[in-house]
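As provided, protein-v7.cif (mmCIF, C-alpha atoms) reads as follows.
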data_data
#
loop_
_atom_site.group_PDB
_atom_site.id
_atom_site.type_symbol
_atom_site.label_atom_id
_atom_site.label_comp_id
_atom_site.auth_asym_id
_atom_site.auth_seq_id
_atom_site.Cartn_x
_atom_site.Cartn_y
_atom_site.Cartn_z
ATOM 1 C CA MET A 1 82.046 77.142 156.602
ATOM 2 C CA SER A 2 79.510 74.305 156.395
ATOM 3 C CA LYS A 3 80.177 71.666 159.038
ATOM 4 C CA ILE A 4 81.369 68.155 158.247
ATOM 5 C CA LEU A 5 80.388 64.867 159.913
ATOM 6 C CA ILE A 6 82.695 61.856 159.663
ATOM 7 C CA ILE A 7 80.938 58.562 160.439
ATOM 8 C CA GLY A 8 83.458 55.842 161.292
ATOM 9 C CA ALA A 9 86.106 58.337 162.375
ATOM 10 C CA CYS A 10 87.974 55.836 164.573
ATOM 11 C CA GLY A 11 88.885 53.506 161.698
ATOM 12 C CA GLN A 12 92.207 53.445 159.877
ATOM 13 C CA ILE A 13 91.211 55.964 157.193
ATOM 14 C CA GLY A 14 88.708 57.817 159.358
ATOM 15 C CA THR A 15 91.355 58.705 161.942
ATOM 16 C CA ALA A 16 93.686 60.257 159.361
ATOM 17 C CA LEU A 17 90.803 61.939 157.541
ATOM 18 C CA THR A 18 89.525 63.564 160.749
ATOM 19 C CA GLU A 19 92.982 64.945 161.487
ATOM 20 C CA LYS A 20 93.357 66.349 157.958
ATOM 21 C CA LEU A 21 89.903 67.923 157.753
ATOM 22 C CA ARG A 22 90.234 69.544 161.184
ATOM 23 C CA GLU A 23 93.620 70.909 160.178
ATOM 24 C CA GLU A 24 92.193 72.341 156.968
ATOM 25 C CA PHE A 25 88.734 73.549 158.014
ATOM 26 C CA GLY A 26 89.074 74.107 161.763
ATOM 27 C CA ASN A 27 88.529 71.711 164.666
ATOM 28 C CA GLU A 28 85.084 73.075 165.500
ATOM 29 C CA ASN A 29 83.822 72.497 161.941
ATOM 30 C CA VAL A 30 84.556 68.751 161.787
ATOM 31 C CA VAL A 31 82.413 66.416 163.905
ATOM 32 C CA ALA A 32 83.977 62.993 164.411
ATOM 33 C CA SER A 33 81.723 60.050 165.237
ATOM 34 C CA ASP A 34 81.915 56.305 165.726
ATOM 35 C CA ILE A 35 80.220 53.513 167.618
ATOM 36 C CA ARG A 36 82.985 53.777 170.219
ATOM 37 C CA GLU A 37 85.166 56.537 171.585
ATOM 38 C CA GLY A 38 88.387 57.320 169.717
ATOM 39 C CA ARG A 39 91.906 58.216 170.718
ATOM 40 C CA GLU A 40 92.537 61.030 173.154
ATOM 41 C CA GLU A 41 93.775 63.376 170.399
ATOM 42 C CA MET A 42 90.558 62.947 168.415
ATOM 43 C CA MET A 43 88.280 63.315 171.409
ATOM 44 C CA GLY A 44 90.119 66.396 172.645
ATOM 45 C CA SER A 45 90.687 68.280 169.406
ATOM 46 C CA GLY A 46 87.079 68.754 168.310
ATOM 47 C CA PRO A 47 83.457 67.633 168.672
ATOM 48 C CA PHE A 48 82.800 63.888 168.942
ATOM 49 C CA GLU A 49 79.544 61.916 168.961
ATOM 50 C CA ILE A 50 78.747 58.265 169.548
ATOM 51 C CA VAL A 51 76.860 57.148 166.429
ATOM 52 C CA ASP A 52 75.612 53.771 165.222
ATOM 53 C CA ALA A 53 76.138 54.067 161.453
ATOM 54 C CA THR A 54 73.054 51.942 160.777
ATOM 55 C CA SER A 55 70.755 54.314 162.695
ATOM 56 C CA LYS A 56 69.305 56.956 160.389
ATOM 57 C CA GLU A 57 67.598 58.583 163.363
ATOM 58 C CA ARG A 58 70.827 58.976 165.328
ATOM 59 C CA ILE A 59 72.710 60.317 162.286
ATOM 60 C CA LEU A 60 69.954 62.900 161.703
ATOM 61 C CA GLU A 61 70.047 63.893 165.370
ATOM 62 C CA VAL A 62 73.774 64.678 165.100
ATOM 63 C CA ILE A 63 73.318 66.478 161.753
ATOM 64 C CA LYS A 64 70.692 68.772 163.272
ATOM 65 C CA LYS A 65 72.646 69.326 166.490
ATOM 66 C CA HIS A 66 75.788 70.487 164.674
ATOM 67 C CA ASP A 67 74.197 71.959 161.512
ATOM 68 C CA VAL A 68 76.134 69.504 159.334
ATOM 69 C CA LYS A 69 76.079 69.929 155.538
ATOM 70 C CA GLN A 70 78.638 67.322 154.403
ATOM 71 C CA VAL A 71 78.962 63.680 155.472
ATOM 72 C CA TYR A 72 81.937 61.367 154.964
ATOM 73 C CA LEU A 73 80.614 57.833 155.542
ATOM 74 C CA MET A 74 83.741 55.818 156.414
ATOM 75 C CA ALA A 75 82.111 53.107 158.557
ATOM 76 C CA ALA A 76 82.405 49.644 157.000
ATOM 77 C CA MET A 77 83.189 46.028 157.737
ATOM 78 C CA LEU A 78 86.224 45.187 155.605
ATOM 79 C CA SER A 79 86.890 42.170 153.403
ATOM 80 C CA ALA A 80 88.456 39.592 155.721
ATOM 81 C CA THR A 81 86.186 40.394 158.669
ATOM 82 C CA ALA A 82 83.037 40.435 156.538
ATOM 83 C CA GLU A 83 83.839 36.931 155.264
ATOM 84 C CA LYS A 84 83.599 35.730 158.857
ATOM 85 C CA TYR A 85 80.349 37.625 159.526
ATOM 86 C CA PRO A 86 78.602 37.926 156.136
ATOM 87 C CA GLN A 87 75.184 39.162 157.273
ATOM 88 C CA LYS A 88 76.661 41.666 159.719
ATOM 89 C CA GLY A 89 78.987 42.926 156.985
ATOM 90 C CA TRP A 90 76.121 43.418 154.554
ATOM 91 C CA GLU A 91 73.946 45.079 157.196
ATOM 92 C CA LEU A 92 76.568 47.610 158.260
ATOM 93 C CA ASN A 93 77.819 48.425 154.769
ATOM 94 C CA MET A 94 74.451 48.815 153.083
ATOM 95 C CA THR A 95 72.158 50.126 155.815
ATOM 96 C CA SER A 96 74.561 52.941 156.688
ATOM 97 C CA LEU A 97 74.864 54.036 153.056
ATOM 98 C CA LEU A 98 71.129 54.050 152.386
ATOM 99 C CA ALA A 99 70.534 55.999 155.591
ATOM 100 C CA VAL A 100 72.932 58.755 154.551
ATOM 101 C CA LEU A 101 71.701 58.834 150.945
ATOM 102 C CA ASP A 102 68.137 59.216 152.192
ATOM 103 C CA LEU A 103 69.147 62.124 154.417
ATOM 104 C CA ALA A 104 70.758 63.793 151.406
ATOM 105 C CA LYS A 105 67.657 63.120 149.319
ATOM 106 C CA GLU A 106 65.575 64.732 152.082
ATOM 107 C CA LYS A 107 67.879 67.805 151.880
ATOM 108 C CA TYR A 108 69.306 67.546 155.396
ATOM 109 C CA ILE A 109 72.798 67.441 153.888
ATOM 110 C CA GLU A 110 74.275 68.803 150.665
ATOM 111 C CA LYS A 111 77.184 66.512 149.839
ATOM 112 C CA VAL A 112 78.199 62.913 150.615
ATOM 113 C CA PHE A 113 81.473 61.017 150.356
ATOM 114 C CA TRP A 114 81.330 57.215 150.387
ATOM 115 C CA PRO A 115 84.354 54.999 149.730
ATOM 116 C CA SER A 116 84.191 52.011 147.439
ATOM 117 C CA SER A 117 87.079 49.587 146.937
ATOM 118 C CA MET A 118 89.013 47.555 144.423
ATOM 119 C CA ALA A 119 87.098 44.644 146.001
ATOM 120 C CA VAL A 120 84.320 45.398 143.473
ATOM 121 C CA PHE A 121 86.436 43.549 140.919
ATOM 122 C CA GLY A 122 86.449 39.757 140.762
ATOM 123 C CA SER A 123 88.301 36.927 139.085
ATOM 124 C CA THR A 124 86.650 37.722 135.721
ATOM 125 C CA SER A 125 87.845 41.368 135.758
ATOM 126 C CA PRO A 126 91.024 42.245 133.833
ATOM 127 C CA LYS A 127 93.970 42.032 136.241
ATOM 128 C CA ILE A 128 96.352 44.427 134.483
ATOM 129 C CA ASN A 129 95.299 48.056 133.958
ATOM 130 C CA THR A 130 91.827 47.252 135.229
ATOM 131 C CA PRO A 131 89.564 49.805 133.462
ATOM 132 C CA GLN A 132 87.167 52.257 135.051
ATOM 133 C CA GLN A 133 84.261 50.389 133.480
ATOM 134 C CA THR A 134 84.634 46.640 133.200
ATOM 135 C CA VAL A 135 83.236 43.304 134.371
ATOM 136 C CA MET A 136 82.595 43.358 138.121
ATOM 137 C CA GLU A 137 81.749 39.975 139.639
ATOM 138 C CA PRO A 138 83.122 40.097 143.201
ATOM 139 C CA THR A 139 83.332 36.921 145.261
ATOM 140 C CA THR A 140 83.362 38.510 148.740
ATOM 141 C CA VAL A 141 80.571 40.006 150.851
ATOM 142 C CA TYR A 142 82.589 43.211 151.070
ATOM 143 C CA GLY A 143 82.952 43.412 147.294
ATOM 144 C CA ILE A 144 79.286 42.607 146.714
ATOM 145 C CA SER A 145 78.237 45.351 149.131
ATOM 146 C CA LYS A 146 80.532 47.852 147.411
ATOM 147 C CA VAL A 147 79.202 47.066 143.911
ATOM 148 C CA ALA A 148 75.646 47.442 145.185
ATOM 149 C CA GLY A 149 76.605 50.645 146.983
ATOM 150 C CA GLU A 150 78.129 52.156 143.858
ATOM 151 C CA HIS A 151 74.893 51.641 141.968
ATOM 152 C CA TRP A 152 72.829 53.055 144.825
ATOM 153 C CA CYS A 153 75.036 56.163 144.743
ATOM 154 C CA ASN A 154 74.502 56.566 141.004
ATOM 155 C CA TYR A 155 70.757 55.934 141.419
ATOM 156 C CA TYR A 156 70.370 58.656 144.041
ATOM 157 C CA TYR A 157 72.370 61.049 141.873
ATOM 158 C CA GLU A 158 70.317 60.317 138.746
ATOM 159 C CA LYS A 159 66.891 60.175 140.430
ATOM 160 C CA TYR A 160 67.180 62.668 143.288
ATOM 161 C CA ASP A 161 70.169 64.849 142.331
ATOM 162 C CA VAL A 162 72.118 63.770 145.429
ATOM 163 C CA ASP A 163 75.707 65.038 145.209
ATOM 164 C CA VAL A 164 77.467 61.838 146.244
ATOM 165 C CA ARG A 165 81.124 61.206 145.362
ATOM 166 C CA SER A 166 83.150 58.044 145.626
ATOM 167 C CA ILE A 167 86.563 56.503 144.952
ATOM 168 C CA ARG A 168 87.628 52.858 144.843
ATOM 169 C CA TYR A 169 90.419 52.637 147.382
ATOM 170 C CA PRO A 170 93.247 50.203 146.788
ATOM 171 C CA GLY A 171 95.020 48.787 149.854
ATOM 172 C CA ILE A 172 95.747 51.659 152.254
ATOM 173 C CA ILE A 173 98.985 51.764 154.263
ATOM 174 C CA SER A 174 99.569 53.893 157.356
ATOM 175 C CA TRP A 175 101.920 54.002 160.342
ATOM 176 C CA LYS A 176 99.476 55.940 162.539
ATOM 177 C CA SER A 177 96.850 53.240 163.026
ATOM 178 C CA LEU A 178 96.706 49.458 163.182
ATOM 179 C CA PRO A 179 95.027 47.277 160.517
ATOM 180 C CA GLY A 180 91.237 47.004 160.495
ATOM 181 C CA GLY A 181 90.514 43.564 159.028
ATOM 182 C CA GLY A 182 91.330 43.953 155.344
ATOM 183 C CA THR A 183 93.099 41.563 152.979
ATOM 184 C CA THR A 184 95.798 44.130 152.183
ATOM 185 C CA ASP A 185 96.539 44.717 155.877
ATOM 186 C CA TYR A 186 99.744 42.677 155.732
ATOM 187 C CA ALA A 187 101.352 45.750 154.145
ATOM 188 C CA VAL A 188 100.629 47.731 157.314
ATOM 189 C CA ASP A 189 101.448 45.027 159.857
ATOM 190 C CA ILE A 190 104.752 44.129 158.208
ATOM 191 C CA TYR A 191 106.342 47.450 159.213
ATOM 192 C CA PHE A 192 105.248 47.133 162.840
ATOM 193 C CA GLU A 193 106.472 43.544 163.125
ATOM 194 C CA ALA A 194 109.753 44.311 161.345
ATOM 195 C CA LEU A 195 110.575 46.961 163.933
ATOM 196 C CA ARG A 196 109.186 45.017 166.891
ATOM 197 C CA LYS A 197 110.591 41.565 166.207
ATOM 198 C CA GLY A 198 112.655 41.668 163.022
ATOM 199 C CA ASN A 199 110.456 39.042 161.358
ATOM 200 C CA PHE A 200 106.991 38.661 159.875
ATOM 201 C CA GLU A 201 104.610 35.848 158.930
ATOM 202 C CA CYS A 202 102.698 36.867 155.809
ATOM 203 C CA PHE A 203 99.228 35.502 155.063
ATOM 204 C CA LEU A 204 99.726 36.024 151.300
ATOM 205 C CA SER A 205 102.227 34.369 148.963
ATOM 206 C CA GLU A 206 105.436 36.214 148.120
ATOM 207 C CA ASP A 207 104.419 37.046 144.538
ATOM 208 C CA THR A 208 100.881 38.353 145.237
ATOM 209 C CA ARG A 209 100.872 41.757 143.532
ATOM 210 C CA LEU A 210 98.153 44.158 144.686
ATOM 211 C CA PRO A 211 97.412 47.876 144.171
ATOM 212 C CA MET A 212 98.357 49.909 147.234
ATOM 213 C CA MET A 213 98.464 53.524 148.382
ATOM 214 C CA TYR A 214 100.082 55.450 151.220
ATOM 215 C CA MET A 215 97.570 57.025 153.598
ATOM 216 C CA GLU A 216 98.719 60.572 152.794
ATOM 217 C CA ASP A 217 97.782 60.041 149.144
ATOM 218 C CA ALA A 218 94.457 58.409 150.031
ATOM 219 C CA ILE A 219 93.468 61.333 152.241
ATOM 220 C CA LYS A 220 94.542 63.826 149.584
ATOM 221 C CA ALA A 221 92.335 62.073 147.025
ATOM 222 C CA THR A 222 89.380 61.975 149.420
ATOM 223 C CA VAL A 223 89.579 65.678 150.236
ATOM 224 C CA ASN A 224 90.244 66.717 146.634
ATOM 225 C CA ILE A 225 87.298 64.880 145.105
ATOM 226 C CA MET A 226 85.007 66.604 147.601
ATOM 227 C CA LYS A 227 86.534 69.989 146.755
ATOM 228 C CA ALA A 228 86.132 69.477 143.000
ATOM 229 C CA ASP A 229 83.455 71.346 141.085
ATOM 230 C CA SER A 230 80.353 69.183 140.712
ATOM 231 C CA GLN A 231 80.485 69.401 136.910
ATOM 232 C CA SER A 232 83.953 67.807 136.844
ATOM 233 C CA ILE A 233 82.673 64.658 138.590
ATOM 234 C CA LYS A 234 81.680 62.592 135.561
ATOM 235 C CA THR A 235 81.470 59.225 137.336
ATOM 236 C CA ARG A 236 78.801 58.832 140.002
ATOM 237 C CA THR A 237 79.336 55.168 140.747
ATOM 238 C CA SER A 238 82.970 55.334 141.931
ATOM 239 C CA TYR A 239 86.342 56.332 140.489
ATOM 240 C CA ASN A 240 89.252 53.923 140.127
ATOM 241 C CA LEU A 241 92.162 55.148 142.239
ATOM 242 C CA ALA A 242 95.751 53.937 142.042
ATOM 243 C CA ALA A 243 99.285 54.778 143.116
ATOM 244 C CA ILE A 244 101.665 51.801 143.494
ATOM 245 C CA SER A 245 101.509 48.016 143.100
ATOM 246 C CA PHE A 246 103.905 45.597 144.781
ATOM 247 C CA THR A 247 104.280 42.078 146.196
ATOM 248 C CA PRO A 248 105.099 40.963 149.762
ATOM 249 C CA LYS A 249 108.568 40.004 148.532
ATOM 250 C CA GLU A 250 109.152 43.494 147.136
ATOM 251 C CA ILE A 251 108.036 45.294 150.289
ATOM 252 C CA ALA A 252 110.213 42.961 152.377
ATOM 253 C CA GLN A 253 113.232 43.826 150.214
ATOM 254 C CA GLU A 254 112.559 47.523 150.726
ATOM 255 C CA ILE A 255 112.351 47.051 154.502
ATOM 256 C CA LYS A 256 115.723 45.272 154.466
ATOM 257 C CA ASN A 257 117.309 48.551 153.382
ATOM 258 C CA TYR A 258 116.554 49.752 156.921
ATOM 259 C CA ILE A 259 116.538 46.445 158.850
ATOM 260 C CA PRO A 260 119.103 44.216 157.071
ATOM 261 C CA ASP A 261 118.367 41.128 159.207
ATOM 262 C CA PHE A 262 114.620 41.270 158.630
ATOM 263 C CA GLU A 263 113.098 37.870 157.785
ATOM 264 C CA ILE A 264 109.744 36.997 156.263
ATOM 265 C CA VAL A 265 107.936 33.660 155.913
ATOM 266 C CA TYR A 266 104.850 33.013 153.809
ATOM 267 C CA LYS A 267 101.827 31.076 155.109
ATOM 268 C CA PRO A 268 98.878 31.901 152.838
ATOM 269 C CA ASP A 269 95.425 31.528 154.418
ATOM 270 C CA PHE A 270 91.827 32.189 153.281
ATOM 271 C CA ARG A 271 92.784 35.751 152.366
ATOM 272 C CA GLN A 272 94.910 34.446 149.503
ATOM 273 C CA ASP A 273 91.778 33.513 147.536
ATOM 274 C CA ILE A 274 90.398 37.008 148.083
ATOM 275 C CA ALA A 275 93.637 38.631 146.911
ATOM 276 C CA ASP A 276 93.839 36.383 143.854
ATOM 277 C CA SER A 277 90.460 37.683 142.668
ATOM 278 C CA TRP A 278 91.591 41.327 142.747
ATOM 279 C CA PRO A 279 93.459 43.456 140.176
ATOM 280 C CA ARG A 280 97.252 43.685 140.018
ATOM 281 C CA ILE A 281 97.407 47.177 138.491
ATOM 282 C CA ILE A 282 94.502 49.630 138.191
ATOM 283 C CA ASP A 283 93.877 52.212 135.458
ATOM 284 C CA ASP A 284 92.825 55.425 137.203
ATOM 285 C CA SER A 285 93.129 57.745 134.206
ATOM 286 C CA ALA A 286 89.505 58.923 134.596
ATOM 287 C CA ALA A 287 90.207 60.357 138.065
ATOM 288 C CA ARG A 288 93.412 61.985 136.820
ATOM 289 C CA LYS A 289 91.577 63.555 133.883
ATOM 290 C CA ASP A 290 88.318 64.611 135.561
ATOM 291 C CA TRP A 291 89.475 66.105 138.863
ATOM 292 C CA GLY A 292 93.256 66.168 138.682
ATOM 293 C CA TRP A 293 94.202 63.186 140.843
ATOM 294 C CA GLU A 294 97.928 62.442 141.203
ATOM 295 C CA HIS A 295 99.829 60.453 143.810
ATOM 296 C CA ALA A 296 103.055 61.506 145.532
ATOM 297 C CA TYR A 297 104.484 58.352 147.164
ATOM 298 C CA ASP A 298 106.119 55.255 145.669
ATOM 299 C CA LEU A 299 107.210 52.143 147.592
ATOM 300 C CA ARG A 300 110.644 53.539 148.435
ATOM 301 C CA SER A 301 109.521 56.964 149.697
ATOM 302 C CA MET A 302 106.606 55.408 151.600
ATOM 303 C CA THR A 303 108.864 52.906 153.354
ATOM 304 C CA GLU A 304 111.341 55.613 154.327
ATOM 305 C CA ASP A 305 108.554 57.745 155.797
ATOM 306 C CA ILE A 306 106.940 54.864 157.721
ATOM 307 C CA VAL A 307 110.175 53.518 159.225
ATOM 308 C CA THR A 308 111.336 57.013 160.167
ATOM 309 C CA ASN A 309 108.049 57.846 161.882
ATOM 310 C CA LEU A 310 107.700 54.527 163.713
ATOM 311 C CA ARG A 311 111.214 54.914 165.099
ATOM 312 C CA LYS A 312 110.256 58.392 166.321
ATOM 313 C CA HIS A 313 107.024 57.102 167.874
ATOM 314 C CA GLU A 314 108.189 53.950 169.639
ATOM 315 C CA GLU A 315 105.047 53.933 171.821
ATOM 316 C CA LEU A 316 103.113 52.691 168.781
ATOM 317 C CA LEU A 317 105.251 49.559 168.701
ATOM 318 C CA SER A 318 104.513 48.527 172.291
#

Please express what this file holds, its structure, as structure tokens.
Amino acid sequence: MSKILIIGACGQIGTALTEKLREEFGNENVVASDIREGREEMMGSGPFEIVDATSKERILEVIKKHDVKQVYLMAAMLSATAEKYPQKGWELNMTSLLAVLDLAKEKYIEKVFWPSSMAVFGSTSPKINTPQQTVMEPTTVYGISKVAGEHWCNYYYEKYDVDVRSIRYPGIISWKSLPGGGTTDYAVDIYFEALRKGNFECFLSEDTRLPMMYMEDAIKATVNIMKADSQSIKTRTSYNLAAISFTPKEIAQEIKNYIPDFEIVYKPDFRQDIADSWPRIIDDSAARKDWGWEHAYDLRSMTEDIVTNLRKHEELLS
């Protein structure tokens, strides 16, 4: 078993990905890393390293120490946070990617996963059934960095035969970890606040429809694209990925099935402009055709699972 390094393992997706990969491949074969220490379960269940994702030298040091052959680069500054710190967002998102791609080019590692995002699309992109290949004119630092990153991935594949794979995540929803500074994070926070206080102030308007995905489906897609035969990966920029699309009003209605007195108010802020530039529904037929992607959760089954689990784990609500 070739060992795996996850950079950015303490983030929302990184935490769930570390748990899944350790479960599947063995704790000792999955090295978690981040710029800070993670939760006790992560630190205690397998190897952990402190890594600055922008330091190629430190990444190489960890790769050599653990004989790593695959890297999942999950470290990133997300959309809302990057708008507040544009240069820092660009530096983290791009420097980390180029460092890992160079290490793959230099044959220290054999395979790379790097996540892109629906943020690559802008106001000029088709909003309904947004195609795999279409106009991409993002208006956020995060989106700009992801478009650039996609083309760097394709460049390293075409020029240096680097086996890099990528998917464009929609908004990711999880009950296991708190939001990390993204525009779609209301769809995570709303469940916590509904159970804590019975009400929620939403930073998007009630009819803002965005593509979303339950964490279990996102992790399944991430693991499956890395398992796929190299010849089946036809797209080396990044694959569209989709599951469900809904509005804040629709998710609130679903929550009321479990918390009848739940109340929501809408106070759109700067994140509304970001959301308005993104797709409403994404066409991910290329991923479904090339490597067999399919999602399992819809809004109803996701809500049932989240509410059930948060009620079981009340410590997360404190």

Checklist entry - When you draw a straight line from CA of Thr140 in chain A to CA of Pro86 in chain A, how long is it in Å? => result 8.8 Å

Checklist entry - So what does the PyMOL selection byres ((chain A and resi 233) around 12) actually pick up in this one, as a ChimeraX atom specification? => result /A:154,157,163-167,224-232,234-239,286-293

Closest pair table for range 7-69 of chain A residues within 12 Å of range 179-187 of chain A, only C-alpha atoms, as a Markdown table:
| residue | atom | partner | partner_atom | distance |
| --- | --- | --- | --- | --- |
| A:Gly8 | CA | A:Gly180 | CA | 11.8 |
| A:Cys10 | CA | A:Gly180 | CA | 10.3 |
| A:Gly11 | CA | A:Gly180 | CA | 7.0 |
| A:Gln12 | CA | A:Gly180 | CA | 6.5 |
| A:Ile13 | CA | A:Gly180 | CA | 9.5 |
| A:Gly14 | CA | A:Gly180 | CA | 11.2 |
| A:Thr15 | CA | A:Gly180 | CA | 11.8 |

Next on the checklist: Since I can't run it myself right now, could you work out what the PyMOL selection byres ((chain A and resi 23-30) around 9) selects here and report it as a list in words?
Outcome noted: Met1, Ser2, Lys3, Ile4, Leu5, Ile6, Thr18, Glu19, Lys20, Leu21, Arg22, Val31, Ala32, Ser45, Gly46, Pro47, Phe48, His66 and Val68 of chain A

For those residues, write C-alpha atoms to a file as a tab-separated table (two decimals), in the coordinates of the input.
chain	number	residue	atom	x	y	z
A	1	MET	CA	82.05	77.14	156.60
A	2	SER	CA	79.51	74.31	156.40
A	3	LYS	CA	80.18	71.67	159.04
A	4	ILE	CA	81.37	68.16	158.25
A	5	LEU	CA	80.39	64.87	159.91
A	6	ILE	CA	82.70	61.86	159.66
A	18	THR	CA	89.52	63.56	160.75
A	19	GLU	CA	92.98	64.94	161.49
A	20	LYS	CA	93.36	66.35	157.96
A	21	LEU	CA	89.90	67.92	157.75
A	22	ARG	CA	90.23	69.54	161.18
A	31	VAL	CA	82.41	66.42	163.90
A	32	ALA	CA	83.98	62.99	164.41
A	45	SER	CA	90.69	68.28	169.41
A	46	GLY	CA	87.08	68.75	168.31
A	47	PRO	CA	83.46	67.63	168.67
A	48	PHE	CA	82.80	63.89	168.94
A	66	HIS	CA	75.79	70.49	164.67
A	68	VAL	CA	76.13	69.50	159.33

Name all residues at most 9 Å from Pro248 in chain A (count all atoms listed in the file; drop same-chain ones fewer than 5 positions away) and give them as a PDB file with C-alpha atoms, in the frame of the given file.
ATOM      1  CA  TYR A 186      99.744  42.677 155.732  1.00  0.00           C
ATOM      2  CA  ALA A 187     101.352  45.750 154.145  1.00  0.00           C
ATOM      3  CA  CYS A 202     102.698  36.867 155.809  1.00  0.00           C
ATOM      4  CA  LEU A 204      99.726  36.024 151.300  1.00  0.00           C
ATOM      5  CA  SER A 205     102.227  34.369 148.963  1.00  0.00           C
ATOM      6  CA  GLU A 206     105.436  36.214 148.120  1.00  0.00           C
ATOM      7  CA  ASP A 207     104.419  37.046 144.538  1.00  0.00           C
ATOM      8  CA  THR A 208     100.881  38.353 145.237  1.00  0.00           C
ATOM      9  CA  ARG A 209     100.872  41.757 143.532  1.00  0.00           C
ATOM     10  CA  GLN A 253     113.232  43.826 150.214  1.00  0.00           C
ATOM     11  CA  ILE A 264     109.744  36.997 156.263  1.00  0.00           C
ATOM     12  CA  TYR A 266     104.850  33.013 153.809  1.00  0.00           C
TER      13      TYR A 266
END

Residue IDs satisfying the PyMOL selection byres ((chain A and resi 171-174) around 9), as a PDB file with C-alpha atoms, in the frame of the given file:
ATOM      1  CA  GLN A  12      92.207  53.445 159.877  1.00  0.00           C
ATOM      2  CA  ILE A  13      91.211  55.964 157.193  1.00  0.00           C
ATOM      3  CA  ALA A  16      93.686  60.257 159.361  1.00  0.00           C
ATOM      4  CA  SER A 117      87.079  49.587 146.937  1.00  0.00           C
ATOM      5  CA  MET A 118      89.013  47.555 144.423  1.00  0.00           C
ATOM      6  CA  TYR A 169      90.419  52.637 147.382  1.00  0.00           C
ATOM      7  CA  PRO A 170      93.247  50.203 146.788  1.00  0.00           C
ATOM      8  CA  TRP A 175     101.920  54.002 160.342  1.00  0.00           C
ATOM      9  CA  LYS A 176      99.476  55.940 162.539  1.00  0.00           C
ATOM     10  CA  SER A 177      96.850  53.240 163.026  1.00  0.00           C
ATOM     11  CA  LEU A 178      96.706  49.458 163.182  1.00  0.00           C
ATOM     12  CA  PRO A 179      95.027  47.277 160.517  1.00  0.00           C
ATOM     13  CA  GLY A 182      91.330  43.953 155.344  1.00  0.00           C
ATOM     14  CA  THR A 183      93.099  41.563 152.979  1.00  0.00           C
ATOM     15  CA  THR A 184      95.798  44.130 152.183  1.00  0.00           C
ATOM     16  CA  ASP A 185      96.539  44.717 155.877  1.00  0.00           C
ATOM     17  CA  ALA A 187     101.352  45.750 154.145  1.00  0.00           C
ATOM     18  CA  VAL A 188     100.629  47.731 157.314  1.00  0.00           C
ATOM     19  CA  LEU A 210      98.153  44.158 144.686  1.00  0.00           C
ATOM     20  CA  PRO A 211      97.412  47.876 144.171  1.00  0.00           C
ATOM     21  CA  MET A 212      98.357  49.909 147.234  1.00  0.00           C
ATOM     22  CA  MET A 213      98.464  53.524 148.382  1.00  0.00           C
ATOM     23  CA  TYR A 214     100.082  55.450 151.220  1.00  0.00           C
ATOM     24  CA  MET A 215      97.570  57.025 153.598  1.00  0.00           C
ATOM     25  CA  GLU A 216      98.719  60.572 152.794  1.00  0.00           C
ATOM     26  CA  ALA A 218      94.457  58.409 150.031  1.00  0.00           C
ATOM     27  CA  MET A 302     106.606  55.408 151.600  1.00  0.00           C
ATOM     28  CA  ILE A 306     106.940  54.864 157.721  1.00  0.00           C
TER      29      ILE A 306
END

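Checking A:Tyr108, A:Ile219, A:Tyr156, A:Glu193 one by one against Met74 in chain A, counting only C-alpha atoms, you find the shortest gap at A:Ile219.
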
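The gap separating CA of Thr247 in chain A from CA of Glu201 in chain A is 14.2 Å, in Å to one decimal.
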
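With distances taken over all atoms listed in the file, A:Thr130 is the one residue among A:Ser55, A:Asn93, A:Gln70, A:Thr130 lying closest to Pro279 in chain A.
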
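One finds CA of Asp283 in chain A at 28.8 Å from CA of Val307 in chain A.
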
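Between His295 in chain A and the residues A:Ala119, A:Met94, A:Leu317, A:Ala242, the shortest atom-to-atom distance, using only C-alpha atoms, involves A:Ala242.
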
Checklist entry - Using all atoms listed in the file, which residue out of A:Tyr297, A:Ile282, A:Ser318, A:Glu41 lies closest to Thr134 in chain A? => result A:Ile282

Axis-aligned box for range 289-299 of chain A, 4 Å per side, centre and edges in Å as lines of an AutoDock Vina configuration file:
center_x = 97.8
center_y = 59.2
center_z = 140.7
size_x = 26.9
size_y = 22.0
size_z = 21.7

Item to check | Expected answer as JSON, numbers by chain: all residues with atoms within 9 Å of (83.1, 37.4, 145.5), all atoms listed in the file | outcome: {"A": [119, 120, 121, 122, 123, 137, 138, 139, 140, 141, 142, 143, 144, 274, 277]}

Can you write out the residues you just picked, keeping C-alpha atoms, as an mmCIF file, keeping the file's coordinate frame?
data_model
loop_
_atom_site.group_PDB
_atom_site.id
_atom_site.type_symbol
_atom_site.label_atom_id
_atom_site.label_comp_id
_atom_site.auth_asym_id
_atom_site.auth_seq_id
_atom_site.Cartn_x
_atom_site.Cartn_y
_atom_site.Cartn_z
ATOM 1 C CA ALA A 119 87.098 44.644 146.001
ATOM 2 C CA VAL A 120 84.320 45.398 143.473
ATOM 3 C CA PHE A 121 86.436 43.549 140.919
ATOM 4 C CA GLY A 122 86.449 39.757 140.762
ATOM 5 C CA SER A 123 88.301 36.927 139.085
ATOM 6 C CA GLU A 137 81.749 39.975 139.639
ATOM 7 C CA PRO A 138 83.122 40.097 143.201
ATOM 8 C CA THR A 139 83.332 36.921 145.261
ATOM 9 C CA THR A 140 83.362 38.510 148.740
ATOM 10 C CA VAL A 141 80.571 40.006 150.851
ATOM 11 C CA TYR A 142 82.589 43.211 151.070
ATOM 12 C CA GLY A 143 82.952 43.412 147.294
ATOM 13 C CA ILE A 144 79.286 42.607 146.714
ATOM 14 C CA ILE A 274 90.398 37.008 148.083
ATOM 15 C CA SER A 277 90.460 37.683 142.668
#
